[in-house]
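Colleague: This one is upload.pdb, PDB, C-alpha atoms.
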```pdb
MODEL        1
ATOM      1  CA  MET A   1     137.718 -61.341  22.649
ATOM      2  CA  THR A   2     135.478 -62.229  19.719
ATOM      3  CA  THR A   3     136.884 -64.968  17.556
ATOM      4  CA  GLN A   4     136.623 -65.168  13.760
ATOM      5  CA  ARG A   5     134.299 -68.158  14.145
ATOM      6  CA  GLN A   6     131.899 -66.149  16.399
ATOM      7  CA  ARG A   7     131.786 -63.234  13.925
ATOM      8  CA  THR A   8     130.973 -65.612  11.061
ATOM      9  CA  ALA A   9     128.145 -67.240  13.029
ATOM     10  CA  SER A  10     126.622 -63.866  13.925
ATOM     11  CA  ARG A  11     126.697 -62.767  10.292
ATOM     12  CA  ARG A  12     124.846 -65.954   9.274
ATOM     13  CA  VAL A  13     122.131 -65.293  11.858
ATOM     14  CA  LEU A  14     121.598 -61.726  10.653
ATOM     15  CA  LEU A  15     121.388 -62.827   7.024
ATOM     16  CA  SER A  16     118.849 -65.506   7.930
ATOM     17  CA  LEU A  17     116.655 -63.010   9.816
ATOM     18  CA  GLY A  18     116.787 -60.547   6.885
ATOM     19  CA  GLY A  19     115.761 -63.270   4.464
ATOM     20  CA  LEU A  20     112.795 -64.245   6.623
ATOM     21  CA  ALA A  21     111.630 -60.612   6.775
ATOM     22  CA  LEU A  22     111.858 -60.315   3.006
ATOM     23  CA  LEU A  23     109.879 -63.492   2.480
ATOM     24  CA  SER A  24     107.225 -62.306   4.907
ATOM     25  CA  ALA A  25     106.827 -59.037   3.044
ATOM     26  CA  CYS A  26     106.567 -60.788  -0.317
ATOM     27  CA  ALA A  27     103.897 -63.107   1.031
ATOM     28  CA  LYS A  28     101.553 -60.174   1.865
ATOM     29  CA  PRO A  29      99.083 -59.241  -0.903
ATOM     30  CA  GLN A  30     100.216 -56.078  -2.716
ATOM     31  CA  PRO A  31      97.848 -53.436  -4.183
ATOM     32  CA  ASP A  32      97.028 -53.847  -7.867
ATOM     33  CA  PRO A  33      98.512 -50.834  -9.702
ATOM     34  CA  SER A  34      95.792 -51.130 -12.336
ATOM     35  CA  GLY A  35      92.978 -50.872  -9.784
ATOM     36  CA  PRO A  36      91.447 -47.806  -8.122
ATOM     37  CA  PRO A  37      93.756 -45.660  -5.979
ATOM     38  CA  ALA A  38      93.790 -46.224  -2.280
ATOM     39  CA  THR A  39      91.535 -43.986  -0.245
ATOM     40  CA  VAL A  40      92.197 -42.449   3.121
ATOM     41  CA  ALA A  41      89.397 -42.613   5.637
ATOM     42  CA  ALA A  42      88.023 -39.202   6.582
ATOM     43  CA  PRO A  43      88.264 -38.128  10.213
ATOM     44  CA  SER A  44      85.239 -39.011  12.263
ATOM     45  CA  SER A  45      84.539 -35.298  12.767
ATOM     46  CA  ALA A  46      84.229 -34.617   9.006
ATOM     47  CA  PRO A  47      80.715 -33.583   7.888
ATOM     48  CA  PRO A  48      78.781 -36.072   5.774
ATOM     49  CA  LEU A  49      78.925 -35.685   2.032
ATOM     50  CA  PRO A  50      75.944 -33.867   0.477
ATOM     51  CA  PRO A  51      73.448 -35.879  -1.541
ATOM     52  CA  SER A  52      74.235 -36.340  -5.188
ATOM     53  CA  ALA A  53      73.374 -33.420  -7.437
ATOM     54  CA  SER A  54      70.425 -33.418  -9.773
ATOM     55  CA  PRO A  55      70.865 -34.678 -13.335
ATOM     56  CA  SER A  56      73.555 -33.302 -15.611
ATOM     57  CA  PRO A  57      72.389 -30.693 -18.144
ATOM     58  CA  THR A  58      73.210 -33.210 -20.836
ATOM     59  CA  GLY A  59      70.060 -34.948 -19.617
ATOM     60  CA  LEU A  60      68.029 -32.369 -21.526
ATOM     61  CA  PRO A  61      67.334 -33.346 -25.120
ATOM     62  CA  ARG A  62      69.346 -31.622 -27.799
ATOM     63  CA  ILE A  63      67.420 -28.864 -29.567
ATOM     64  CA  PRO A  64      67.859 -27.370 -33.049
ATOM     65  CA  VAL A  65      70.707 -24.877 -33.343
ATOM     66  CA  GLN A  66      69.353 -21.332 -33.278
ATOM     67  CA  LYS A  67      70.556 -18.769 -35.791
ATOM     68  CA  LYS A  68      69.565 -15.913 -33.490
ATOM     69  CA  PRO A  69      68.118 -15.595 -29.989
ATOM     70  CA  ARG A  70      64.429 -15.103 -29.300
ATOM     71  CA  TYR A  71      63.664 -11.365 -29.112
ATOM     72  CA  VAL A  72      59.918 -11.457 -28.466
ATOM     73  CA  VAL A  73      57.477 -13.929 -26.962
ATOM     74  CA  PRO A  74      55.188 -16.037 -29.147
ATOM     75  CA  ALA A  75      51.842 -14.539 -30.125
ATOM     76  CA  GLN A  76      49.030 -15.209 -27.661
ATOM     77  CA  GLY A  77      45.913 -15.072 -29.818
ATOM     78  CA  GLY A  78      45.483 -11.309 -29.882
ATOM     79  CA  THR A  79      46.039 -10.805 -26.150
ATOM     80  CA  LYS A  80      48.551  -8.109 -25.222
ATOM     81  CA  VAL A  81      51.404  -9.891 -23.494
ATOM     82  CA  VAL A  82      54.779  -8.887 -22.101
ATOM     83  CA  ALA A  83      57.586 -10.812 -20.425
ATOM     84  CA  LEU A  84      59.646  -9.353 -17.593
ATOM     85  CA  THR A  85      63.207 -10.650 -17.251
ATOM     86  CA  PHE A  86      65.927  -9.932 -14.709
ATOM     87  CA  ASP A  87      69.660 -10.540 -15.173
ATOM     88  CA  ASP A  88      72.799 -10.770 -13.020
ATOM     89  CA  GLY A  89      71.224 -12.006  -9.782
ATOM     90  CA  PRO A  90      70.468 -13.282  -7.380
ATOM     91  CA  HIS A  91      71.452 -10.396  -5.091
ATOM     92  CA  PRO A  92      70.753 -10.537  -1.343
ATOM     93  CA  ALA A  93      69.599  -6.906  -1.217
ATOM     94  CA  TYR A  94      67.641  -6.431  -4.442
ATOM     95  CA  THR A  95      66.256  -9.821  -5.493
ATOM     96  CA  PRO A  96      63.990 -10.052  -2.400
ATOM     97  CA  GLN A  97      62.651  -6.544  -3.133
ATOM     98  CA  VAL A  98      61.900  -7.456  -6.741
ATOM     99  CA  LEU A  99      60.158 -10.639  -5.609
ATOM    100  CA  LYS A 100      58.053  -8.694  -3.127
ATOM    101  CA  ILE A 101      56.837  -6.269  -5.819
ATOM    102  CA  LEU A 102      56.055  -9.066  -8.265
ATOM    103  CA  ARG A 103      54.203 -10.950  -5.546
ATOM    104  CA  LYS A 104      52.125  -7.881  -4.690
ATOM    105  CA  HIS A 105      50.935  -7.571  -8.303
ATOM    106  CA  HIS A 106      50.641 -11.326  -8.974
ATOM    107  CA  VAL A 107      53.156 -11.053 -11.818
ATOM    108  CA  LYS A 108      55.492 -13.830 -12.942
ATOM    109  CA  ALA A 109      58.930 -13.153 -14.425
ATOM    110  CA  THR A 110      62.058 -14.927 -15.649
ATOM    111  CA  PHE A 111      65.374 -14.605 -13.793
ATOM    112  CA  PHE A 112      68.627 -15.258 -15.669
ATOM    113  CA  VAL A 113      71.025 -15.965 -12.820
ATOM    114  CA  ILE A 114      74.821 -15.958 -12.779
ATOM    115  CA  GLY A 115      76.163 -19.313 -11.631
ATOM    116  CA  GLN A 116      78.562 -17.866  -9.074
ATOM    117  CA  SER A 117      75.809 -15.776  -7.486
ATOM    118  CA  ALA A 118      73.416 -18.711  -7.520
ATOM    119  CA  ALA A 119      76.015 -20.858  -5.763
ATOM    120  CA  ALA A 120      76.559 -18.126  -3.163
ATOM    121  CA  HIS A 121      72.831 -17.574  -2.543
ATOM    122  CA  PRO A 122      70.972 -20.851  -3.167
ATOM    123  CA  ASP A 123      68.166 -19.763  -0.826
ATOM    124  CA  LEU A 124      67.337 -16.879  -3.175
ATOM    125  CA  VAL A 125      67.270 -19.175  -6.206
ATOM    126  CA  ARG A 126      64.829 -21.433  -4.367
ATOM    127  CA  ALA A 127      62.756 -18.380  -3.349
ATOM    128  CA  ILE A 128      62.452 -17.402  -7.013
ATOM    129  CA  VAL A 129      61.217 -20.873  -7.905
ATOM    130  CA  ASP A 130      58.903 -21.068  -4.884
ATOM    131  CA  ASP A 131      57.205 -17.857  -6.050
ATOM    132  CA  GLY A 132      56.455 -19.479  -9.396
ATOM    133  CA  HIS A 133      59.010 -17.642 -11.523
ATOM    134  CA  ALA A 134      61.186 -19.228 -14.185
ATOM    135  CA  VAL A 135      64.953 -19.495 -13.754
ATOM    136  CA  GLY A 136      67.355 -19.379 -16.665
ATOM    137  CA  THR A 137      71.125 -18.996 -16.662
ATOM    138  CA  HIS A 138      73.518 -16.178 -17.569
ATOM    139  CA  THR A 139      76.833 -18.103 -17.592
ATOM    140  CA  TRP A 140      78.939 -18.996 -14.568
ATOM    141  CA  SER A 141      80.971 -15.763 -14.325
ATOM    142  CA  HIS A 142      79.256 -13.270 -16.667
ATOM    143  CA  ALA A 143      81.864 -14.005 -19.326
ATOM    144  CA  ASN A 144      81.795 -12.470 -22.780
ATOM    145  CA  LEU A 145      81.320 -15.629 -24.852
ATOM    146  CA  ARG A 146      81.592 -14.194 -28.339
ATOM    147  CA  HIS A 147      85.229 -15.103 -29.003
ATOM    148  CA  LEU A 148      85.659 -18.021 -26.594
ATOM    149  CA  PRO A 149      86.351 -21.571 -27.856
ATOM    150  CA  ALA A 150      83.665 -24.211 -27.551
ATOM    151  CA  GLY A 151      85.213 -25.827 -24.461
ATOM    152  CA  ARG A 152      85.199 -22.585 -22.497
ATOM    153  CA  VAL A 153      81.667 -21.781 -23.619
ATOM    154  CA  ARG A 154      80.464 -25.193 -22.533
ATOM    155  CA  THR A 155      82.093 -24.737 -19.119
ATOM    156  CA  GLU A 156      80.520 -21.297 -18.607
ATOM    157  CA  VAL A 157      77.060 -22.417 -19.693
ATOM    158  CA  GLY A 158      77.102 -25.946 -18.293
ATOM    159  CA  ARG A 159      78.472 -25.030 -14.880
ATOM    160  CA  ALA A 160      75.720 -22.459 -14.340
ATOM    161  CA  VAL A 161      73.085 -24.938 -15.502
ATOM    162  CA  ASP A 162      74.463 -27.595 -13.147
ATOM    163  CA  THR A 163      74.399 -25.165 -10.233
ATOM    164  CA  VAL A 164      70.753 -24.251 -10.751
ATOM    165  CA  ALA A 165      69.815 -27.886 -11.304
ATOM    166  CA  ALA A 166      71.519 -28.953  -8.082
ATOM    167  CA  THR A 167      69.875 -26.106  -6.168
ATOM    168  CA  THR A 168      66.317 -26.468  -7.425
ATOM    169  CA  GLY A 169      66.141 -30.078  -8.622
ATOM    170  CA  ARG A 170      65.092 -28.845 -12.065
ATOM    171  CA  ILE A 171      67.346 -28.484 -15.092
ATOM    172  CA  PRO A 172      66.896 -24.974 -16.522
ATOM    173  CA  GLY A 173      66.408 -24.691 -20.269
ATOM    174  CA  LEU A 174      66.669 -20.928 -20.863
ATOM    175  CA  PHE A 175      69.910 -19.045 -21.487
ATOM    176  CA  ARG A 176      70.911 -15.432 -21.996
ATOM    177  CA  ALA A 177      74.406 -14.440 -23.130
ATOM    178  CA  PRO A 178      76.065 -11.621 -21.189
ATOM    179  CA  TYR A 179      76.172  -8.358 -23.158
ATOM    180  CA  GLY A 180      73.884  -9.998 -25.724
ATOM    181  CA  ASN A 181      77.012 -11.499 -27.311
ATOM    182  CA  TRP A 182      76.061 -14.740 -29.025
ATOM    183  CA  SER A 183      78.092 -16.540 -31.688
ATOM    184  CA  PRO A 184      77.664 -19.649 -33.844
ATOM    185  CA  THR A 185      79.720 -21.522 -31.241
ATOM    186  CA  VAL A 186      77.453 -20.346 -28.426
ATOM    187  CA  PHE A 187      74.355 -21.447 -30.305
ATOM    188  CA  GLN A 188      75.873 -24.862 -30.997
ATOM    189  CA  VAL A 189      76.835 -25.414 -27.353
ATOM    190  CA  CYS A 190      73.419 -24.258 -26.172
ATOM    191  CA  ALA A 191      71.703 -26.627 -28.585
ATOM    192  CA  ALA A 192      73.800 -29.535 -27.290
ATOM    193  CA  LEU A 193      72.816 -28.661 -23.700
ATOM    194  CA  GLY A 194      69.142 -28.138 -24.522
ATOM    195  CA  GLN A 195      69.318 -24.402 -23.818
ATOM    196  CA  THR A 196      67.071 -21.926 -25.672
ATOM    197  CA  SER A 197      68.693 -18.501 -26.103
ATOM    198  CA  ILE A 198      66.560 -15.525 -25.059
ATOM    199  CA  ALA A 199      67.295 -11.874 -25.877
ATOM    200  CA  TRP A 200      65.015  -8.798 -25.476
ATOM    201  CA  ASP A 201      63.457  -5.914 -27.379
ATOM    202  CA  VAL A 202      63.032  -3.458 -24.476
ATOM    203  CA  ASP A 203      66.242  -2.223 -22.837
ATOM    204  CA  PRO A 204      66.006   0.689 -20.378
ATOM    205  CA  ARG A 205      69.750   0.356 -19.677
ATOM    206  CA  ASP A 206      69.018   0.285 -15.972
ATOM    207  CA  TRP A 207      72.540  -1.033 -15.332
ATOM    208  CA  GLU A 208      73.779   2.505 -16.051
ATOM    209  CA  ASN A 209      71.705   3.832 -13.122
ATOM    210  CA  PRO A 210      70.240   6.737 -15.136
ATOM    211  CA  GLY A 211      67.561   7.361 -12.501
ATOM    212  CA  ALA A 212      64.346   5.529 -11.651
ATOM    213  CA  SER A 213      62.121   7.905 -13.637
ATOM    214  CA  ARG A 214      64.241   7.458 -16.773
ATOM    215  CA  ILE A 215      64.196   3.667 -16.443
ATOM    216  CA  ARG A 216      60.421   3.738 -16.045
ATOM    217  CA  SER A 217      59.848   6.050 -19.014
ATOM    218  CA  LYS A 218      62.127   3.990 -21.278
ATOM    219  CA  VAL A 219      60.227   0.796 -20.474
ATOM    220  CA  LEU A 220      56.863   2.435 -21.112
ATOM    221  CA  ASP A 221      58.089   4.096 -24.339
ATOM    222  CA  GLN A 222      59.571   0.922 -25.797
ATOM    223  CA  VAL A 223      57.169  -1.786 -24.657
ATOM    224  CA  GLY A 224      54.652  -3.330 -27.019
ATOM    225  CA  ASN A 225      52.705  -6.523 -27.513
ATOM    226  CA  ARG A 226      54.977  -9.600 -27.161
ATOM    227  CA  SER A 227      57.876  -7.541 -25.756
ATOM    228  CA  ILE A 228      60.625  -9.008 -23.600
ATOM    229  CA  VAL A 229      61.784  -6.403 -21.066
ATOM    230  CA  LEU A 230      65.393  -6.523 -19.868
ATOM    231  CA  ALA A 231      66.095  -5.413 -16.289
ATOM    232  CA  HIS A 232      68.631  -6.318 -13.600
ATOM    233  CA  ASP A 233      68.315  -7.518 -10.014
ATOM    234  CA  GLY A 234      72.068  -7.931  -9.488
ATOM    235  CA  GLY A 235      75.473  -6.819 -10.669
ATOM    236  CA  GLY A 236      75.544  -3.579  -8.699
ATOM    237  CA  ASP A 237      73.266  -1.067  -7.021
ATOM    238  CA  ARG A 238      69.783  -1.874  -8.332
ATOM    239  CA  SER A 239      67.765   0.421  -6.083
ATOM    240  CA  GLN A 240      66.773   2.529  -9.117
ATOM    241  CA  THR A 241      65.519  -0.564 -10.923
ATOM    242  CA  VAL A 242      63.440  -1.547  -7.890
ATOM    243  CA  SER A 243      61.942   1.944  -7.707
ATOM    244  CA  ALA A 244      61.225   1.996 -11.447
ATOM    245  CA  LEU A 245      59.551  -1.427 -11.231
ATOM    246  CA  ARG A 246      57.159  -0.070  -8.594
ATOM    247  CA  GLY A 247      56.253   2.683 -11.051
ATOM    248  CA  PHE A 248      55.875   0.977 -14.420
ATOM    249  CA  LEU A 249      54.391  -2.357 -13.347
ATOM    250  CA  PRO A 250      50.946  -0.980 -12.297
ATOM    251  CA  ILE A 251      50.822   1.084 -15.504
ATOM    252  CA  LEU A 252      51.414  -1.980 -17.676
ATOM    253  CA  ILE A 253      48.746  -3.875 -15.747
ATOM    254  CA  ASP A 254      46.256  -1.009 -16.145
ATOM    255  CA  SER A 255      47.111  -0.901 -19.876
ATOM    256  CA  GLY A 256      45.836  -4.446 -20.262
ATOM    257  CA  TYR A 257      49.070  -6.344 -20.515
ATOM    258  CA  ARG A 258      49.201  -9.942 -19.372
ATOM    259  CA  PHE A 259      52.555 -11.167 -18.082
ATOM    260  CA  VAL A 260      53.906 -14.378 -19.573
ATOM    261  CA  GLY A 261      57.099 -16.385 -19.702
ATOM    262  CA  VAL A 262      59.658 -15.972 -22.420
TER     263      VAL A 262
ENDMDL
END
```
Kindly transcribe the structure held in the file into structure tokens.
Modeller:
Amino acid sequence: MTTQRQRTASRRVLLSLGGLALLSACAKPQPDPSGPPATVAAPSSAPPLPPSASPSPTGLPRIPVQKKPRYVVPAQGGTKVVALTFDDGPHPAYTPQVLKILRKHHVKATFFVIGQSAAAHPDLVRAIVDDGHAVGTHTWSHANLRHLPAGRVRTEVGRAVDTVAATTGRIPGLFRAPYGNWSPTVFQVCAALGQTSIAWDVDPRDWENPGASRIRSKVLDQVGNRSIVLAHDGGGDRSQTVSALRGFLPILIDSGYRFVGV
């Protein structure tokens, strides 16, 4: 039978052991709550992190705030010039066809890409650049910017710019607002990010798919010296645009137009 004296001795031993454990724990260095959070090592099978992205768009110098977008290209000393532009790409079916036609005729164009599509098809963005074309941006998600606050506008514009910069290693400096909807806020954000806003003066409304012959005739009827032609290589079925491009491009070349950037 356990005596009262034995129970008292056992309790003293247990208390002593608990005190030693507590002292041992207090002696270990504790993490500084003001320092960086602890990190968990990634499993050995995890893929390596990609290299750091190219510079932030804020690396571009600020430009003057535009009051309106550019509708035509600068004069070229009397030479008849025209700029071809394509929106809403890149698209895996239609962008390669457009590039093939432009390559055949030795024509350079400007592609205003949607950030989401550029992120999904970085190989096509690089193909555009490798062929010597210019790449601008058309927001991250094709958002209507006109009534958005500055923070949302900056996210839409800046995220697309970052995506192209990370893909090509070059920070793009050309921007086109979806639906042609600019606002004072959009111009201010673009100026802060070094983005020049580009519009157009020739719109065949190819996004409506009115037929290749109608797209071609509208381009040829509206085009003039210094024109910026709006077309689309993404955002839907662009087979009519591709067919129309095959038709009107040789005519513009034969008419003496020289193709320039915006």
Colleague: For A:Pro178, which residue among A:Ala119, A:Ala134, A:Val113, A:Ala83 is the nearest when counting all atoms listed in the file?
Modeller: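 Using all atoms listed in the file, A:Pro178 sits closest to A:Val113.
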Colleague: So, with only C-alpha atoms as the atoms that count, which of A:Gly180, A:Pro172, A:Gly89, A:Gly151 lies closest to A:Pro69?
Modeller: A:Gly180
Colleague: Taking (65.9, -16.0, -21.9) in the coordinates of the supplied file, I want to know which residues reach to within 10 Å of it, counting all atoms listed in the file; could you give the answer as a count of residues only?
Modeller: 31
Colleague: Find the spatial neighbours of A:Ala244, counting all atoms listed in the file, within a cut-off of 9 Å - ignore same-chain residues fewer than 5 positions away - and output them as a PDB file with C-alpha atoms, keeping the file's coordinate frame.
Modeller:
```
ATOM      1  CA  GLY A 211      67.561   7.361 -12.501  1.00  0.00           C
ATOM      2  CA  ALA A 212      64.346   5.529 -11.651  1.00  0.00           C
ATOM      3  CA  SER A 213      62.121   7.905 -13.637  1.00  0.00           C
ATOM      4  CA  ARG A 214      64.241   7.458 -16.773  1.00  0.00           C
ATOM      5  CA  ILE A 215      64.196   3.667 -16.443  1.00  0.00           C
ATOM      6  CA  ARG A 216      60.421   3.738 -16.045  1.00  0.00           C
ATOM      7  CA  SER A 217      59.848   6.050 -19.014  1.00  0.00           C
ATOM      8  CA  SER A 239      67.765   0.421  -6.083  1.00  0.00           C
ATOM      9  CA  LEU A 249      54.391  -2.357 -13.347  1.00  0.00           C
TER      10      LEU A 249
END
```
Colleague: Would you compute the distance between atom CA of A:Lys108 and atom CA of A:Ala143? Give it in Å to one decimal.
Modeller: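 Result for atom CA of A:Lys108 versus atom CA of A:Ala143: 27.1 Å, one decimal.
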Colleague: For A:Tyr179, which of A:Asp203, A:Asp123, A:Asp131, A:Asp254 is the closest residue, counting all atoms listed in the file?
Modeller: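 For A:Tyr179, the nearest of the given residues is A:Asp203.
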Colleague: Rounded to one decimal, what separation in Å do you get between atom CA of A:Phe259 and atom CA of A:Ser243?
Modeller: 19.2 Å
Colleague: Just checking: using all atoms listed in the file, which residue out of A:Val242, A:Cys190, A:Val229, A:Ile63 ends up closest to A:Leu99?
Modeller: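 Once distances to A:Leu99 are computed over all atoms listed in the file, the minimum belongs to A:Val242.
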Colleague: Starting from the displayed file, determine the output of the PyMOL selection byres ((chain A and resi 235) around 6) and express the residue list as a PDB file with C-alpha atoms, in the coordinates of the input.
Modeller:
```pdb
ATOM      1  CA  ASP A  88      72.799 -10.770 -13.020  1.00  0.00           C
ATOM      2  CA  GLY A 234      72.068  -7.931  -9.488  1.00  0.00           C
ATOM      3  CA  GLY A 236      75.544  -3.579  -8.699  1.00  0.00           C
TER       4      GLY A 236
END
```
Colleague: Could you tell me how far atom CA of A:Glu156 sits from atom CA of A:Asn144, in Å to one decimal place?
Modeller: 9.8 Å
Colleague: Nearest to A:Val161 among A:Ile101, A:Ala75, A:Ile128, A:Leu60, with distances taken over all atoms listed in the file: which residue is it?
Modeller: A:Leu60
Colleague: Which one of A:Phe248, A:Ile114, A:Ala165, A:Ala109 sits closest to A:His91 if you count only C-alpha atoms?
Modeller: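 Result for the nearest residue to A:His91: A:Ile114.
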